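Enquirer: Dropping in run.txt, with compact mmCIF, C-alpha atoms.
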```txt
# COMPACT_ATOMS: atom_id res chain seq x y z
CA MET K 22 2.92 19.85 -1.23
CA ALA K 23 2.47 17.14 1.41
CA HIS K 24 -0.19 15.56 -0.76
CA SER K 25 2.07 15.50 -3.83
CA HIS K 26 4.87 13.97 -1.74
CA LEU K 27 2.55 11.19 -0.58
CA ALA K 28 1.58 10.45 -4.18
CA GLU K 29 5.24 10.42 -5.21
CA MET K 30 6.14 8.12 -2.29
CA LEU K 31 3.46 5.61 -3.32
CA ASP K 32 4.73 5.59 -6.90
CA LEU K 33 8.35 5.26 -5.77
CA ASP K 34 7.44 2.35 -3.48
CA ALA K 35 6.14 0.46 -6.52
CA GLU K 36 9.24 1.34 -8.55
CA VAL K 37 11.88 0.54 -5.92
CA LEU K 38 10.13 -2.61 -4.64
CA GLN K 39 9.17 -3.72 -8.14
CA GLU K 40 10.23 -7.36 -7.68
CA TYR K 41 8.00 -7.73 -4.61
CA HIS K 42 5.08 -5.97 -6.33
CA ARG K 43 5.52 -8.10 -9.46
CA ASP K 44 5.39 -11.30 -7.40
CA VAL K 45 2.12 -10.28 -5.71
CA ILE K 46 0.54 -9.12 -9.00
CA THR K 47 1.50 -12.44 -10.62
CA TRP K 48 -0.06 -14.31 -7.70
CA ALA K 49 -3.24 -12.24 -8.05
CA GLY K 50 -3.37 -13.01 -11.77
CA SER K 51 -3.21 -16.74 -11.08
CA LEU K 52 -6.33 -16.57 -8.88
CA VAL K 53 -8.84 -15.00 -11.27
CA PRO K 54 -10.89 -16.25 -14.23
CA ALA K 55 -10.72 -14.92 -17.78
CA ARG K 56 -11.97 -11.32 -18.13
CA PRO K 57 -11.92 -10.69 -14.38
CA ARG K 58 -13.61 -7.79 -12.60
CA ILE K 59 -11.27 -6.33 -9.98
CA ILE K 60 -11.91 -3.82 -7.20
CA ASP K 61 -8.94 -1.91 -5.73
CA LEU K 62 -9.87 -0.59 -2.28
CA GLY K 63 -8.05 2.56 -1.17
CA ALA K 64 -6.34 2.67 -4.55
CA GLY K 65 -4.24 5.79 -3.88
CA THR K 66 -2.19 6.64 -6.97
CA GLY K 67 -3.23 3.38 -8.58
CA THR K 68 0.01 1.40 -8.52
CA GLY K 69 -2.02 -1.76 -7.88
CA SER K 70 -4.87 -0.93 -10.27
CA LEU K 71 -2.53 -0.14 -13.15
CA ALA K 72 -0.24 -3.11 -12.55
CA LEU K 73 -3.23 -5.48 -12.46
CA ALA K 74 -4.65 -3.98 -15.66
CA ARG K 75 -1.30 -4.32 -17.44
CA HIS K 76 -0.73 -7.89 -16.22
CA LEU K 77 -4.29 -8.97 -17.07
CA PRO K 78 -5.15 -7.43 -20.47
CA ASP K 79 -8.78 -8.62 -20.30
CA ALA K 80 -9.42 -7.31 -16.76
CA GLU K 81 -11.74 -4.47 -15.82
CA VAL K 82 -10.48 -2.61 -12.76
CA THR K 83 -12.43 -0.28 -10.50
CA ALA K 84 -10.17 1.90 -8.34
CA VAL K 85 -11.88 3.24 -5.21
CA ASP K 86 -10.51 5.99 -2.98
CA VAL K 87 -11.85 8.84 -0.86
CA ASP K 88 -9.28 11.29 -2.27
CA ASP K 89 -10.23 12.71 -5.65
CA GLU K 90 -6.75 14.22 -6.20
CA MET K 91 -5.27 10.73 -5.99
CA LEU K 92 -7.93 9.43 -8.38
CA GLU K 93 -7.19 12.24 -10.83
CA HIS K 94 -3.50 11.24 -10.76
CA LEU K 95 -4.60 7.64 -11.34
CA ARG K 96 -6.83 8.54 -14.29
CA HIS K 97 -4.02 10.54 -15.90
CA ARG K 98 -1.59 7.63 -15.53
CA ALA K 99 -4.16 5.14 -16.88
CA ASP K 100 -4.66 7.29 -19.98
CA GLU K 101 -0.89 7.66 -20.47
CA LEU K 102 -0.52 3.88 -20.37
CA GLY K 103 -3.43 3.25 -22.72
CA LEU K 104 -5.49 1.65 -19.95
CA GLY K 105 -8.17 4.31 -19.57
CA ASP K 106 -10.86 2.17 -21.15
CA ARG K 107 -10.36 -0.64 -18.62
CA VAL K 108 -9.64 1.29 -15.41
CA ARG K 109 -12.44 3.35 -13.90
CA THR K 110 -12.36 5.35 -10.69
CA VAL K 111 -14.98 5.70 -7.97
CA GLN K 112 -14.71 8.35 -5.26
CA ALA K 113 -16.11 6.84 -2.06
CA ASP K 114 -15.53 6.80 1.70
CA LEU K 115 -15.05 3.11 2.47
CA ASP K 116 -16.07 3.68 6.09
CA GLN K 117 -19.57 4.51 4.84
CA PRO K 118 -22.01 2.19 3.02
CA TRP K 119 -20.36 1.39 -0.29
CA PRO K 120 -21.75 2.16 -3.72
CA ASP K 121 -22.55 -0.90 -5.82
CA LEU K 122 -19.10 -2.09 -6.93
CA GLY K 123 -19.73 -5.76 -7.67
CA PRO K 124 -19.87 -8.43 -8.62
CA ALA K 125 -16.09 -8.81 -8.46
CA ASP K 126 -13.71 -11.73 -8.94
CA LEU K 127 -10.90 -10.08 -6.96
CA VAL K 128 -10.86 -7.47 -4.23
CA TRP K 129 -7.39 -5.95 -3.83
CA ALA K 130 -6.54 -4.01 -0.65
CA SER K 131 -2.91 -2.91 -0.45
CA ALA K 132 -1.98 -1.13 2.80
CA SER K 133 -5.49 0.32 3.01
CA LEU K 134 -7.30 -1.76 5.64
CA HIS K 135 -5.39 -0.22 8.56
CA HIS K 136 -6.88 3.17 7.61
CA MET K 137 -10.48 1.97 7.99
CA ALA K 138 -12.38 3.16 11.05
CA ASP K 139 -14.08 -0.26 11.25
CA PRO K 140 -12.08 -2.84 9.29
CA GLY K 141 -14.57 -5.58 10.16
CA ASN K 142 -17.36 -3.66 8.45
CA ALA K 143 -15.15 -2.98 5.42
CA LEU K 144 -14.28 -6.67 5.13
CA ALA K 145 -17.95 -7.64 5.37
CA GLN K 146 -18.74 -5.25 2.52
CA ALA K 147 -15.80 -6.64 0.52
CA LEU K 148 -17.16 -10.17 1.00
CA ALA K 149 -20.58 -9.08 -0.25
CA THR K 150 -18.96 -7.46 -3.31
CA LEU K 151 -17.31 -10.71 -4.39
CA ARG K 152 -18.87 -13.44 -6.47
CA PRO K 153 -19.05 -16.81 -4.65
CA GLY K 154 -15.58 -18.28 -5.02
CA GLY K 155 -14.07 -14.83 -5.56
CA VAL K 156 -10.92 -13.85 -3.69
CA MET K 157 -9.53 -10.98 -1.66
CA LEU K 158 -5.83 -10.20 -1.40
CA ALA K 159 -5.09 -7.99 1.61
CA THR K 160 -1.58 -6.60 2.05
CA GLU K 161 -0.33 -4.81 5.14
CA LEU K 162 3.00 -3.40 6.29
CA ASP K 163 4.61 -5.00 9.30
CA SER K 164 7.28 -2.31 9.17
CA PHE K 165 7.73 0.94 7.25
CA PRO K 166 10.89 1.15 5.13
CA LEU K 167 14.23 1.69 6.86
CA PHE K 168 17.02 3.22 4.77
CA LEU K 169 19.91 4.19 7.03
CA THR K 170 22.94 2.28 8.24
CA GLY K 171 25.54 3.12 10.87
CA THR K 172 24.82 3.27 14.58
CA ALA K 173 23.93 6.96 14.87
CA ASP K 174 21.82 7.28 11.72
CA ALA K 175 20.00 3.98 12.16
CA GLY K 176 19.29 4.80 15.81
CA LEU K 177 17.82 8.17 14.84
CA GLU K 178 15.67 6.55 12.16
CA GLU K 179 14.37 3.97 14.65
CA ARG K 180 13.50 6.68 17.22
CA ALA K 181 11.61 8.62 14.55
CA HIS K 182 9.67 5.52 13.53
CA ALA K 183 8.82 4.78 17.17
CA ALA K 184 7.44 8.31 17.59
CA LEU K 185 5.38 7.95 14.40
CA ALA K 186 4.07 4.58 15.56
CA ALA K 187 2.82 6.24 18.76
CA LEU K 188 1.07 8.89 16.67
CA ARG K 189 -0.63 6.22 14.56
CA ASP K 190 -1.79 4.38 17.66
CA GLU K 191 -3.23 7.59 19.08
CA ALA K 192 -5.05 8.18 15.79
CA GLY K 193 -6.65 4.74 16.02
CA LEU K 194 -4.98 3.22 12.95
CA HIS K 195 -5.14 -0.57 12.88
CA MET K 196 -1.46 -1.26 12.31
CA HIS K 197 -0.94 -4.54 14.16
CA GLU K 198 -4.11 -6.49 13.55
CA ASP K 199 -4.27 -10.21 12.90
CA TRP K 200 -5.72 -9.77 9.42
CA GLY K 201 -6.10 -13.49 8.87
CA ASP K 202 -8.36 -13.62 11.92
CA ARG K 203 -10.18 -10.49 10.74
CA LEU K 204 -10.83 -12.06 7.34
CA ALA K 205 -12.08 -15.28 8.91
CA LYS K 206 -14.46 -13.43 11.24
CA ALA K 207 -15.87 -11.54 8.24
CA GLY K 208 -16.75 -14.86 6.58
CA PHE K 209 -13.76 -15.48 4.32
CA ALA K 210 -12.05 -18.84 3.99
CA VAL K 211 -8.42 -17.86 4.64
CA GLU K 212 -6.33 -19.98 2.29
CA GLU K 213 -2.82 -18.55 2.48
CA GLU K 214 -0.55 -16.00 4.15
CA ARG K 215 2.69 -14.88 2.53
CA ARG K 216 5.32 -12.75 4.26
CA ALA K 217 7.96 -10.86 2.31
CA ASP K 218 11.08 -9.71 4.17
CA ILE K 219 12.54 -7.15 1.78
CA ASP K 220 16.22 -6.24 2.21
CA LEU K 221 17.72 -4.34 -0.73
CA ARG K 222 21.44 -3.51 -0.48
CA PRO K 223 23.72 -1.16 -2.42
CA PRO K 224 24.17 -0.40 -5.19
CA LEU K 225 20.55 0.72 -5.52
CA PRO K 226 18.89 2.57 -8.43
CA PRO K 227 18.58 6.38 -8.21
CA ALA K 228 14.86 6.03 -7.43
CA ALA K 229 15.80 4.50 -4.07
CA GLY K 230 17.58 7.70 -3.03
CA ARG K 231 14.52 9.77 -3.89
CA TYR K 232 12.30 7.22 -2.09
CA ALA K 233 14.41 7.67 1.05
CA GLN K 234 14.40 11.46 0.68
CA VAL K 235 10.61 11.69 0.31
CA SER K 236 9.95 9.17 3.09
CA LEU K 237 12.27 10.84 5.62
CA GLY K 238 11.19 14.31 4.50
CA ARG K 239 7.54 13.51 5.22
CA MET K 240 8.40 12.30 8.73
CA ALA K 241 10.03 15.46 10.09
CA PRO K 242 7.05 17.88 9.97
CA ARG K 243 4.80 15.31 11.63
CA LEU K 244 7.22 14.87 14.53
CA GLU K 245 7.57 18.47 15.66
CA GLY K 246 7.00 18.44 19.40
CA ARG K 247 7.17 14.64 19.45
CA LEU K 248 10.88 14.14 18.86
CA ASP K 249 13.83 15.60 20.73
CA PRO K 250 14.74 18.92 19.00
CA ALA K 251 18.29 17.74 18.30
CA ASP K 252 16.91 14.54 16.73
CA LEU K 253 14.41 16.53 14.70
CA ALA K 254 17.13 18.81 13.32
CA ALA K 255 19.32 15.80 12.52
CA LEU K 256 16.40 14.08 10.76
CA GLU K 257 15.75 17.17 8.61
CA ALA K 258 19.45 17.34 7.70
CA LEU K 259 19.50 13.65 6.82
CA ALA K 260 16.43 13.98 4.62
CA ALA K 261 18.00 16.89 2.75
CA GLY K 262 21.12 14.95 1.80
CA VAL K 263 20.07 11.33 1.79
CA ALA K 264 19.38 11.00 -1.94
CA ASP K 265 23.11 11.28 -2.74
CA ARG K 266 24.31 8.63 -0.30
CA ASP K 267 25.74 5.38 -1.61
CA ASP K 268 25.18 3.34 1.56
CA LEU K 269 21.38 3.28 1.55
CA THR K 270 19.41 0.10 2.07
CA VAL K 271 15.67 -0.56 1.80
CA ARG K 272 14.38 -2.86 4.55
CA THR K 273 10.69 -3.53 5.10
CA THR K 274 8.27 -6.38 5.72
CA ARG K 275 4.94 -6.91 3.96
CA THR K 276 2.38 -9.67 4.52
CA VAL K 277 -0.34 -10.71 2.08
CA TRP K 278 -3.43 -12.70 3.07
CA LEU K 279 -5.61 -14.61 0.61
CA GLY K 280 -9.27 -14.94 1.58
CA ARG K 281 -11.95 -16.57 -0.55
CA ARG K 282 -15.70 -16.07 -0.45
CA PRO K 283 -17.16 -19.56 0.11
CA VAL K 284 -19.15 -20.92 -2.80
CA ALA K 285 -21.97 -22.13 -0.56
```
Represent the structure of the file as structure tokens.

Expert:
Amino acid sequence: MAHSHLAEMLDLDAEVLQEYHRDVITWAGSLVPARPRIIDLGAGTGTGSLALARHLPDAEVTAVDVDDEMLEHLRHRADELGLGDRVRTVQADLDQPWPDLGPADLVWASASLHHMADPGNALAQALATLRPGGVMLATELDSFPLFLTGTADAGLEERAHAALAALRDEAGLHMHEDWGDRLAKAGFAVEEERRADIDLRPPLPPAAGRYAQVSLGRMAPRLEGRLDPADLAALEALAAGVADRDDLTVRTTRTVWLGRRPVA
């Protein structure tokens, strides 16, 4: 169940934040040659892979993830959309030596680098996968989505996020890296950094309510023993009823870095 909720949350993120995602996909499309070969690292449910394949009808996309259930979901969606002949999946642990994925014109890494045990090694392998002059677009979250307004609810949401941030730090996730510096140290020429401060206000589409429900619902089980019991109970109650609220917002920050493999 937790796995299916993660998959749904990834799909909802693309749906609710569609304007942001469309802008980044359009930018990616402007950077590649005709008939580009694209590698999606940590592809998850394939929101990036499928959007790139739809936006670039001559592209071949290879979606790489360690989780075969996610890749199965991706393959099903690709077939539904008539993209199955241009989107292939590769099951691989990106913390290990990579299978031969190149040569690629674009490496796409959306909110996946912070999961790597050794991001520097992953970036070095990404550089080697690119053709000279090829580009990497790396996106990371500066903040996870916030949905609630009002002093009490917003305060509870912030406390829950702080507790989750501590868990991520303990797990060794690379949430607050200087990815521009990381790219440069791996050998990329860092050409641009774009920050998107997303702040969606009511009225929001119904998908936003479900996005909030799934996001908050996934938080509560992970915070047992880490959050005050009264806060935990209040968070569970909020998650149960949040989809029907008309005062929801969606506030989050994403940053995208463009790195290019030098030609010489």

Enquirer: Fewer than 5 positions away in the same chain doesn't count, so skip those; otherwise give me all residues within 10 Å of stretch 50-54 of chain K, counting all atoms listed in the file, as a ChimeraX atom specification.

Expert: /K:44-45,59,73-74,76-77,79-80,125-127,154-158,279

Enquirer: I'd like the interatomic distance between atom CA of K:Asp61 and atom CA of K:Asp86, to a tenth of an Å.

Expert: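 Computed distance, atom CA of K:Asp61 to atom CA of K:Asp86, equals 8.5 Å.
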
Enquirer: Nearest to K:Ala260 among K:Leu248, K:Ala184, K:Leu177, K:Ala285, with distances taken over all atoms listed in the file: which residue is it?

Expert: K:Leu177

Enquirer: Point out the residue among K:Arg215, K:His136, K:His182, K:His97 with the least atom-to-atom distance to K:Leu237, counting only C-alpha atoms.

Expert: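 Among the listed residues, K:His182 lies closest to K:Leu237.
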
Enquirer: Which of these, K:Val271, K:Ala261, K:Leu71, K:Val277, has the shortest distance to K:Ala159 once you count only C-alpha atoms?

Expert: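 Smallest distance to K:Ala159 is found for K:Val277.
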
Enquirer: Identify which of the residues K:Ala149, K:Ala49, K:Val37, K:Ala187 lies closest to K:Gly69, counting only C-alpha atoms when measuring atom-to-atom distances.

Expert: K:Ala49

Enquirer: Find the residues near K:His197: any atom within 9 Å, counting all atoms listed in the file, skip ones fewer than 5 places away on the same chain, and give them as an NGL selection string.

Expert: :K and (135 or 162-163)

Enquirer: Report, in Å to a single decimal, how far apart atom CA of K:Met196 and atom CA of K:Ala183 are.

Expert: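 Interatomic distance here is 12.9 Å.
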
Enquirer: Rank nothing, just name the residue among K:Met30, K:Ala255, K:Val85, K:Leu185 nearest to K:Ala228, using all atoms listed in the file.

Expert: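 Of the candidates, the smallest distance to K:Ala228 is held by K:Met30.
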
Enquirer: Expressed in Å to a single decimal, how great is the separation between atom CA of K:Arg96 and atom CA of K:Val111?

Expert: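 Separation between atom CA of K:Arg96 and atom CA of K:Val111: 10.7 Å.
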
Enquirer: Please produce stretch 226-253 of chain K, completed to N, CA and C atoms, as a PDB file, keeping the file's coordinate frame.

Expert:
```pdb
ATOM      1  N   PRO K 226      19.186   1.610  -7.354  1.00  0.00           N
ATOM      2  CA  PRO K 226      18.890   2.570  -8.430  1.00  0.00           C
ATOM      3  C   PRO K 226      18.636   3.960  -7.859  1.00  0.00           C
ATOM      4  N   PRO K 227      18.790   5.007  -8.684  1.00  0.00           N
ATOM      5  CA  PRO K 227      18.580   6.380  -8.210  1.00  0.00           C
ATOM      6  C   PRO K 227      17.208   6.588  -7.554  1.00  0.00           C
ATOM      7  N   ALA K 228      16.190   5.870  -8.004  1.00  0.00           N
ATOM      8  CA  ALA K 228      14.860   6.030  -7.430  1.00  0.00           C
ATOM      9  C   ALA K 228      14.853   5.718  -5.939  1.00  0.00           C
ATOM     10  N   ALA K 229      15.758   4.839  -5.492  1.00  0.00           N
ATOM     11  CA  ALA K 229      15.800   4.500  -4.070  1.00  0.00           C
ATOM     12  C   ALA K 229      16.231   5.694  -3.235  1.00  0.00           C
ATOM     13  N   GLY K 230      17.160   6.497  -3.753  1.00  0.00           N
ATOM     14  CA  GLY K 230      17.580   7.700  -3.030  1.00  0.00           C
ATOM     15  C   GLY K 230      16.430   8.685  -2.893  1.00  0.00           C
ATOM     16  N   ARG K 231      15.683   8.862  -3.955  1.00  0.00           N
ATOM     17  CA  ARG K 231      14.520   9.770  -3.890  1.00  0.00           C
ATOM     18  C   ARG K 231      13.452   9.194  -2.971  1.00  0.00           C
ATOM     19  N   TYR K 232      13.259   7.882  -2.988  1.00  0.00           N
ATOM     20  CA  TYR K 232      12.300   7.220  -2.090  1.00  0.00           C
ATOM     21  C   TYR K 232      12.668   7.501  -0.635  1.00  0.00           C
ATOM     22  N   ALA K 233      13.957   7.382  -0.309  1.00  0.00           N
ATOM     23  CA  ALA K 233      14.410   7.670   1.050  1.00  0.00           C
ATOM     24  C   ALA K 233      14.202   9.147   1.384  1.00  0.00           C
ATOM     25  N   GLN K 234      14.522  10.019   0.441  1.00  0.00           N
ATOM     26  CA  GLN K 234      14.400  11.460   0.680  1.00  0.00           C
ATOM     27  C   GLN K 234      12.946  11.853   0.950  1.00  0.00           C
ATOM     28  N   VAL K 235      12.024  11.351   0.131  1.00  0.00           N
ATOM     29  CA  VAL K 235      10.610  11.690   0.310  1.00  0.00           C
ATOM     30  C   VAL K 235      10.078  11.093   1.603  1.00  0.00           C
ATOM     31  N   SER K 236      10.447   9.846   1.884  1.00  0.00           N
ATOM     32  CA  SER K 236       9.950   9.170   3.090  1.00  0.00           C
ATOM     33  C   SER K 236      10.428   9.881   4.354  1.00  0.00           C
ATOM     34  N   LEU K 237      11.735  10.172   4.438  1.00  0.00           N
ATOM     35  CA  LEU K 237      12.270  10.840   5.620  1.00  0.00           C
ATOM     36  C   LEU K 237      11.781  12.278   5.691  1.00  0.00           C
ATOM     37  N   GLY K 238      11.656  12.920   4.528  1.00  0.00           N
ATOM     38  CA  GLY K 238      11.190  14.310   4.500  1.00  0.00           C
ATOM     39  C   GLY K 238       9.766  14.454   4.988  1.00  0.00           C
ATOM     40  N   ARG K 239       8.923  13.465   4.745  1.00  0.00           N
ATOM     41  CA  ARG K 239       7.540  13.510   5.220  1.00  0.00           C
ATOM     42  C   ARG K 239       7.449  13.284   6.727  1.00  0.00           C
ATOM     43  N   MET K 240       8.449  12.620   7.299  1.00  0.00           N
ATOM     44  CA  MET K 240       8.400  12.300   8.730  1.00  0.00           C
ATOM     45  C   MET K 240       8.613  13.542   9.598  1.00  0.00           C
ATOM     46  N   ALA K 241       9.597  14.373   9.208  1.00  0.00           N
ATOM     47  CA  ALA K 241      10.030  15.460  10.090  1.00  0.00           C
ATOM     48  C   ALA K 241       8.894  16.410  10.486  1.00  0.00           C
ATOM     49  N   PRO K 242       8.093  16.944   9.555  1.00  0.00           N
ATOM     50  CA  PRO K 242       7.050  17.880   9.970  1.00  0.00           C
ATOM     51  C   PRO K 242       6.016  17.266  10.905  1.00  0.00           C
ATOM     52  N   ARG K 243       5.791  15.971  10.786  1.00  0.00           N
ATOM     53  CA  ARG K 243       4.800  15.310  11.630  1.00  0.00           C
ATOM     54  C   ARG K 243       5.315  15.064  13.042  1.00  0.00           C
ATOM     55  N   LEU K 244       6.631  15.205  13.234  1.00  0.00           N
ATOM     56  CA  LEU K 244       7.220  14.870  14.530  1.00  0.00           C
ATOM     57  C   LEU K 244       7.643  16.094  15.336  1.00  0.00           C
ATOM     58  N   GLU K 245       7.273  17.281  14.866  1.00  0.00           N
ATOM     59  CA  GLU K 245       7.570  18.470  15.660  1.00  0.00           C
ATOM     60  C   GLU K 245       6.841  18.379  17.000  1.00  0.00           C
ATOM     61  N   GLY K 246       7.581  18.561  18.066  1.00  0.00           N
ATOM     62  CA  GLY K 246       7.000  18.440  19.400  1.00  0.00           C
ATOM     63  C   GLY K 246       6.913  17.013  19.899  1.00  0.00           C
ATOM     64  N   ARG K 247       7.224  16.043  19.045  1.00  0.00           N
ATOM     65  CA  ARG K 247       7.170  14.640  19.450  1.00  0.00           C
ATOM     66  C   ARG K 247       8.558  14.011  19.513  1.00  0.00           C
ATOM     67  N   LEU K 248       9.521  14.654  18.909  1.00  0.00           N
ATOM     68  CA  LEU K 248      10.880  14.140  18.860  1.00  0.00           C
ATOM     69  C   LEU K 248      11.799  15.172  19.485  1.00  0.00           C
ATOM     70  N   ASP K 249      12.841  14.705  20.151  1.00  0.00           N
ATOM     71  CA  ASP K 249      13.830  15.600  20.730  1.00  0.00           C
ATOM     72  C   ASP K 249      14.288  16.614  19.671  1.00  0.00           C
ATOM     73  N   PRO K 250      14.381  17.915  20.015  1.00  0.00           N
ATOM     74  CA  PRO K 250      14.740  18.920  19.000  1.00  0.00           C
ATOM     75  C   PRO K 250      16.039  18.618  18.262  1.00  0.00           C
ATOM     76  N   ALA K 251      17.022  18.080  18.968  1.00  0.00           N
ATOM     77  CA  ALA K 251      18.290  17.740  18.300  1.00  0.00           C
ATOM     78  C   ALA K 251      18.062  16.614  17.287  1.00  0.00           C
ATOM     79  N   ASP K 252      17.233  15.633  17.657  1.00  0.00           N
ATOM     80  CA  ASP K 252      16.910  14.540  16.730  1.00  0.00           C
ATOM     81  C   ASP K 252      16.135  15.072  15.531  1.00  0.00           C
ATOM     82  N   LEU K 253      15.214  15.984  15.791  1.00  0.00           N
ATOM     83  CA  LEU K 253      14.410  16.530  14.700  1.00  0.00           C
ATOM     84  C   LEU K 253      15.299  17.273  13.701  1.00  0.00           C
TER      85      LEU K 253
END
```
